[in-house]
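I have placed the structure first, in the form of structure tokens, so that the comments after it can refer back to it.
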Amino acid sequence: MARLLVLRAAPYRHSSHLCAATLLVLSPSQHRHFASFPSPSPYAARRILPSPLRVPIRAVESSPGPTKEEQDPSPAASEAQEQLAPAAPAFEVEELGWGTQLAVKLRMLVAPPWQRVRKGSVLNMKLRGEISDQLKTRFSSGLSLPQICENFVKAAYDPRISGIYLHIEPLRCGWAKVDEIRRHIVDFKKSGKFVVGYMPVCGEKEYYLACACGELYAPPSAYVALFGLTVGQTFLRGVLEKVGIEPEIQRIGKYKSAGDQLARKSMSNEVREMLATLLDNIYGNWLETISSTLGVYQVARLKEEGWITDLLYDDEVMTLLKERVGQKDKKSLRMVDYSKYSRVSKQTLGLQGGGEQIAIIRASGSITRTRSPLSAPGSGIIAEQLIEKIRTVRESEKYKAVILRIDSPGGDALASDLMWREIRLLANSKPVVASMSDVAASGGYYMAMAAPVIVAEKLTLTGSIGVVTGKFCLQKFYERIDFNKEILSKGRYAELNAADQRPLRPDEAELFEKSAQNAYALFRDKAAMSRSMSVDQMEIVAQGRVWSGHDAFSRGLVDSVGGLSQALAIAKQKANIPKDKKIQLVEVSKPSPSLPEILSGIGGSLLGVDRAVKGVLQDMTTLSGVQARMDGILFENLGDMSGENQLLLLVKDIMNYFD
């Protein structure tokens with residue numbers, strides 16, 4: 001009997017495509033048995049996914065196997081397989097020496113008020129919504145992955161923290177970030193402290209993260225939707241035709257789906273194949289980690305079948321935790337929240353590291369070459385700013401190695417190439433390791449391939465070696481609204497980008513296509529050189545195809561599978577720093593609050609206009625020229641977005657596609 005799985009998908013914030021729900025039918029043979037959640041216990045044992053470097057992720061049975069060429073397109077792939085080592089844990093809890101412990105106690109006594117935490121406190125972190133890969137300032141809203149992970153590390157060592165209470169609600173981030181947080185939960189439990197999860201809304205991604213906790217609770221009225229995973233595309237060509245708008249798109253690469261939303265009315269066979277493979281990777285990983293025999297939609301079944309510890313309300317869980325930490329007064333549970341604990345210094349806890357320094361440069365969001373005066377802080381990768389940071393690190397002798405942390409679907413092709421050049425120069429002066437987060441595709445991969453070593457999460461979306469460019473012909477639209485536009489020009493191709501009141505002439509269309517072809521050849525050939533492949537070998541895995549990190553590794557596009565800790569271990573090795581020697585990881589991209597960000601933060605707290613202000617500022621920056629961009633494929637839930645909001649995001653993304 002086939003089982004119907006309703007899937008959920010969502011747009012990447014900086015992408016130009018929204019994903020609509022589709023259906024996937026899987027047979028019972030594609031399901032595996034789930035190791036049930038234990039009964040309530042302070043330190044419940046959990047089934048943990050083995051290291052992705054030791055146990056490859058297998059696609060479900062319906063997934064077509066790779067061709068012989070795809071299995072081993074180059075010597076780089078086989079060499080990478082041979083050099084593969086077990087993934088480094090997120091962190092390891094080590095006992096501090098008596099001198100360090102004494103120093104920590106003294107620092108706690110003289111710590112400023114904003115770093116003081118009462119002994120026996122529980123760290124309460126609410127994980128929901130978007131999670132940025134950038135550090136955040138006090139005035140920034142939202143969650144920061146590096147600060148979440150750092151809080152786990154600090155709490156493991158902090159004698160004032162008894163355990164962690166995680167509130168897990170719908171997440172709008174990719175699976176790579178979820179894997180990074182999950183590893184930190186697993187490693188934190190090795191400290192002997194408890195991690196208790198509370199999950200009022202349960203979807204696949206939320207449960208994937210929450211089941212790593214030692215105990216997991218949900219209210220009796222929790223929303224549960226463990227139905228399966230889907231991915232899809234929406235197409236606007238028919239809508240645009242009805243209003244008289246004709247998109248003129250040049251996309252190079254048969255798998256390059258950027259632009260399809262505007263140029264096509266249905267999904268191409270190549271894109272269907274690509275998305276099916278990605279879906280198999282994600283679903284296969286979910287089964288390996290959790291596995292279920294039935295879709296779950298009733299919260300009572302979560303307890304009956306061992307998926308959670310018990311059905312309790314939030315106040316009941318906190319009562320249990322009060323007993324756990326020995327708090328006998330009638331006051332509320334002593335807790336410290338994510339925001340306040342993020343301000344606790346690592347130095348206070350004796351975790352400042354050693355003498356050698358390794359720099360980490362973070363690059364998140366869509367890529368543009370220059371910054372608009374009204375661009376919102378953290379709205380994307382501004383090439384000219386990132387190049388300045390790269391040059392500063394290159395010229396400094398204090399940094400022994402560099403980690404380039406990338407979370408980007410791409411953007412301006414010229415900007416990507418300029419950063420590629422600077423990263424290559426940096427790699428000539430000191431070891432550079434690229435570490436991929438949720439997505440490092442198209443222009444994001446362009447940046448990463450400049451590094452001699454690339455590390456990706458097993459479900460990072462990467463590759464997408466292809467380009468897209470285009471413009472709109474508004475002739476029929478202008479006629480319908482009785483609008484006239486006339487242009488005076490000198491030069492045969494002067495009106496190539498200026499004239500939207502008529503279609504391209506044949507010679508203009510030819511030049512338009514050659515420009516895109518040239519950009520693609522430049523991208524592909526540099527990728528081949530960077531990854532020690534021939535152009536023909538690179539062509540097999542290029543063509544705009546998006547790969548999961550695991551599949552990219554097997555094809556020689558990345559060198560290792562793991563998170564930031566894996567990249568750090570490799571960077572230390574390349575810099576000849578002993579494995580056990582402490583180092584200082586220096587954040588080169590530390591944020592400083594700007595006036596728009598401060599105003600936005602104040603507006604959000606006082607007037608509730610935080611998102612509106614930031615949205616207006618971001619909309620002032622548009623993309624133009626040849627784009628090395630990837631579709632938004634994050635396999636998330638759109639349930640918390642109204643149809644109107646989805647449409648507004650869609651229109652916004654389309655307008656940002658081409659200037």
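Ordered as shown in the structure tokens, chains take letters A, B, and onward, while each chain numbers its residues from 1 and ligands are numbered from 1 in the order shown.
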Non-local contacts of Thr319 (chain A) (8 Å; only C-alpha atoms; under 4 positions in same chain excluded) as a PyMOL selection string: chain A and resi 315+323+333
For N, CA and C atoms, I'd like the residues from the last selection saved as a JSON list (two decimals), in the first residue's frame.
[["chain", "number", "residue", "atom", "x", "y", "z"],
["A", 315, "ASP", "N", 4.34, 25.30, 31.91],
["A", 315, "ASP", "CA", 4.50, 25.51, 33.35],
["A", 315, "ASP", "C", 4.78, 24.20, 34.08],
["A", 323, "GLU", "N", 12.41, 21.09, 40.33],
["A", 323, "GLU", "CA", 12.78, 19.95, 41.16],
["A", 323, "GLU", "C", 14.15, 19.40, 40.75],
["A", 333, "LEU", "N", 11.00, 29.43, 37.94],
["A", 333, "LEU", "CA", 12.27, 28.77, 37.65],
["A", 333, "LEU", "C", 13.33, 29.80, 37.30]]
For CA of Leu511 (chain A) and CA of Ile487 (chain A), the interatomic separation in Å (one decimal):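 One can read the CA of Leu511 (chain A) to CA of Ile487 (chain A) distance as 20.0 Å.
Closest approach to Thr277 (chain A) among A:Gln101, A:Ser364, A:Ser515, A:Thr230 is made by A:Thr230 (distances from only C-alpha atoms).
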Atomic separation - CA of Val561 (chain A) relative to CA of Gly549 (chain A), Å: 7.0 Å
Nearby residues (only C-alpha atoms) at most 9 Å from Gln517 (chain A), same-chain spacing under 6 positions excluded, as a VMD selection string: chain A and resid 250 to 252 467
Could you dump the residues just selected with N, CA, C and O atoms as an mmCIF file, in the first residue's frame?
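Final output, saved to out-v5.cif:
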data_model
loop_
_atom_site.group_PDB
_atom_site.id
_atom_site.type_symbol
_atom_site.label_atom_id
_atom_site.label_comp_id
_atom_site.auth_asym_id
_atom_site.auth_seq_id
_atom_site.Cartn_x
_atom_site.Cartn_y
_atom_site.Cartn_z
ATOM 1 N N GLN A 250 18.074 34.563 -20.517
ATOM 2 C CA GLN A 250 19.164 33.702 -20.961
ATOM 3 C C GLN A 250 19.719 32.993 -19.733
ATOM 4 O O GLN A 250 20.314 33.615 -18.856
ATOM 5 N N ARG A 251 19.485 31.689 -19.646
ATOM 6 C CA ARG A 251 20.063 30.906 -18.550
ATOM 7 C C ARG A 251 20.972 29.849 -19.169
ATOM 8 O O ARG A 251 20.576 29.146 -20.093
ATOM 9 N N ILE A 252 22.182 29.750 -18.672
ATOM 10 C CA ILE A 252 23.165 28.827 -19.226
ATOM 11 C C ILE A 252 23.352 27.665 -18.249
ATOM 12 O O ILE A 252 23.734 27.866 -17.097
ATOM 13 N N VAL A 467 24.810 30.487 -14.982
ATOM 14 C CA VAL A 467 24.471 31.910 -14.893
ATOM 15 C C VAL A 467 23.116 32.159 -15.542
ATOM 16 O O VAL A 467 22.623 31.349 -16.332
#
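Considering only C-alpha atoms, the residue among A:Glu384, A:Asp179, A:Glu92, A:Glu457 positioned nearest to Phe553 (chain A) is A:Glu457.
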DSSP strand (DSSP E or B) residues within region 163-203 of chain A, as a list in words: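 Result set for region 163-203 of chain A (strand (DSSP E or B)): Gly163, Ile164, Tyr165, Leu166, His167, Ile168, Glu169, Pro170, Leu171, Phe194, Val195, Val196, Gly197, Tyr198, Val201 and Cys202 of chain A.
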Any chance you can output those residues with all heavy atoms as a short mmCIF file (atom, residue, chain, number, x, y, z; two decimals), in the first residue's frame?
data_model
loop_
_atom_site.label_atom_id
_atom_site.label_comp_id
_atom_site.auth_asym_id
_atom_site.auth_seq_id
_atom_site.Cartn_x
_atom_site.Cartn_y
_atom_site.Cartn_z
N GLY A 163 21.44 23.35 33.30
CA GLY A 163 21.00 22.66 32.10
C GLY A 163 20.38 23.64 31.13
O GLY A 163 20.38 24.86 31.36
N ILE A 164 19.84 23.12 30.04
CA ILE A 164 19.25 23.95 28.98
C ILE A 164 17.82 23.53 28.73
O ILE A 164 17.50 22.33 28.67
CB ILE A 164 20.07 23.85 27.68
CG1 ILE A 164 21.48 24.41 27.89
CG2 ILE A 164 19.38 24.57 26.54
CD1 ILE A 164 22.38 24.31 26.65
N TYR A 165 16.95 24.51 28.58
CA TYR A 165 15.54 24.30 28.25
C TYR A 165 15.30 24.94 26.89
O TYR A 165 15.33 26.16 26.75
CB TYR A 165 14.66 24.92 29.33
CG TYR A 165 13.18 24.69 29.15
CD1 TYR A 165 12.67 23.54 28.53
CD2 TYR A 165 12.25 25.63 29.64
CE1 TYR A 165 11.31 23.34 28.40
CE2 TYR A 165 10.89 25.43 29.51
CZ TYR A 165 10.42 24.29 28.89
OH TYR A 165 9.06 24.08 28.75
N LEU A 166 15.09 24.12 25.87
CA LEU A 166 14.92 24.60 24.50
C LEU A 166 13.45 24.65 24.12
O LEU A 166 12.75 23.64 24.22
CB LEU A 166 15.66 23.69 23.51
CG LEU A 166 17.18 23.70 23.51
CD1 LEU A 166 17.69 22.71 22.47
CD2 LEU A 166 17.73 25.09 23.23
N HIS A 167 12.97 25.80 23.69
CA HIS A 167 11.65 25.93 23.08
C HIS A 167 11.86 25.88 21.57
O HIS A 167 12.52 26.75 21.01
CB HIS A 167 11.00 27.26 23.47
CG HIS A 167 10.30 27.22 24.78
ND1 HIS A 167 8.98 27.56 24.94
CD2 HIS A 167 10.74 26.87 26.01
CE1 HIS A 167 8.63 27.43 26.21
NE2 HIS A 167 9.69 27.01 26.88
N ILE A 168 11.34 24.87 20.92
CA ILE A 168 11.56 24.69 19.49
C ILE A 168 10.24 24.88 18.76
O ILE A 168 9.28 24.13 18.97
CB ILE A 168 12.16 23.30 19.20
CG1 ILE A 168 13.49 23.15 19.93
CG2 ILE A 168 12.35 23.10 17.70
CD1 ILE A 168 14.08 21.78 19.87
N GLU A 169 10.19 25.89 17.91
CA GLU A 169 8.99 26.21 17.14
C GLU A 169 9.36 26.24 15.66
O GLU A 169 10.51 26.02 15.31
CB GLU A 169 8.40 27.53 17.65
CG GLU A 169 8.02 27.46 19.13
CD GLU A 169 6.98 28.50 19.51
OE1 GLU A 169 6.19 28.89 18.63
OE2 GLU A 169 6.97 28.90 20.68
N PRO A 170 8.39 26.50 14.76
CA PRO A 170 8.68 26.43 13.33
C PRO A 170 9.94 27.21 12.94
O PRO A 170 10.09 28.38 13.26
CB PRO A 170 7.42 27.03 12.69
CG PRO A 170 6.34 26.65 13.63
CD PRO A 170 6.95 26.76 15.00
N LEU A 171 10.83 26.52 12.23
CA LEU A 171 12.11 27.08 11.82
C LEU A 171 12.08 27.45 10.35
O LEU A 171 11.57 26.70 9.53
CB LEU A 171 13.23 26.06 12.08
CG LEU A 171 13.44 25.63 13.53
CD1 LEU A 171 14.35 24.41 13.61
CD2 LEU A 171 14.02 26.77 14.35
N PHE A 194 21.60 18.49 31.72
CA PHE A 194 20.42 18.08 30.97
C PHE A 194 20.09 19.05 29.84
O PHE A 194 20.43 20.24 29.88
CB PHE A 194 19.21 17.93 31.90
CG PHE A 194 18.76 19.21 32.58
CD1 PHE A 194 17.97 20.14 31.91
CD2 PHE A 194 19.12 19.48 33.90
CE1 PHE A 194 17.55 21.30 32.52
CE2 PHE A 194 18.71 20.64 34.53
CZ PHE A 194 17.93 21.56 33.85
N VAL A 195 19.45 18.51 28.80
CA VAL A 195 18.85 19.32 27.74
C VAL A 195 17.41 18.85 27.59
O VAL A 195 17.17 17.70 27.21
CB VAL A 195 19.57 19.15 26.39
CG1 VAL A 195 18.95 20.09 25.35
CG2 VAL A 195 21.04 19.44 26.52
N VAL A 196 16.48 19.72 27.91
CA VAL A 196 15.06 19.40 27.82
C VAL A 196 14.45 20.22 26.70
O VAL A 196 14.65 21.44 26.62
CB VAL A 196 14.34 19.68 29.15
CG1 VAL A 196 12.83 19.51 29.01
CG2 VAL A 196 14.87 18.75 30.24
N GLY A 197 13.71 19.57 25.82
CA GLY A 197 13.07 20.26 24.71
C GLY A 197 11.58 20.39 24.92
O GLY A 197 10.94 19.53 25.54
N TYR A 198 11.01 21.48 24.41
CA TYR A 198 9.56 21.72 24.47
C TYR A 198 9.12 22.14 23.08
O TYR A 198 9.68 23.07 22.49
CB TYR A 198 9.24 22.81 25.49
CG TYR A 198 7.76 23.06 25.69
CD1 TYR A 198 6.97 22.15 26.39
CD2 TYR A 198 7.16 24.21 25.18
CE1 TYR A 198 5.62 22.38 26.57
CE2 TYR A 198 5.81 24.45 25.36
CZ TYR A 198 5.04 23.53 26.06
OH TYR A 198 3.70 23.75 26.24
N VAL A 201 4.74 23.15 18.36
CA VAL A 201 4.41 22.93 16.95
C VAL A 201 5.45 21.97 16.40
O VAL A 201 6.65 22.23 16.46
CB VAL A 201 4.43 24.25 16.15
CG1 VAL A 201 4.10 23.98 14.69
CG2 VAL A 201 3.45 25.25 16.73
N CYS A 202 4.98 20.86 15.84
CA CYS A 202 5.89 19.79 15.45
C CYS A 202 5.81 19.51 13.96
O CYS A 202 4.81 19.00 13.47
CB CYS A 202 5.56 18.52 16.25
SG CYS A 202 6.57 17.10 15.80
#
Secondary structure check, helix (DSSP H, G or I) residues of region 243-385 of chain A, as a ChimeraX atom specification: /A:260-263,269-289,299-304,314-325,338-341,347-349,383-385
Nearest candidate to Gly306 (chain A) (options A:Met267, A:Met419, A:Ile181, A:Leu216; using only C-alpha atoms):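 Checking each candidate against Gly306 (chain A), we get A:Leu216 as the closest.
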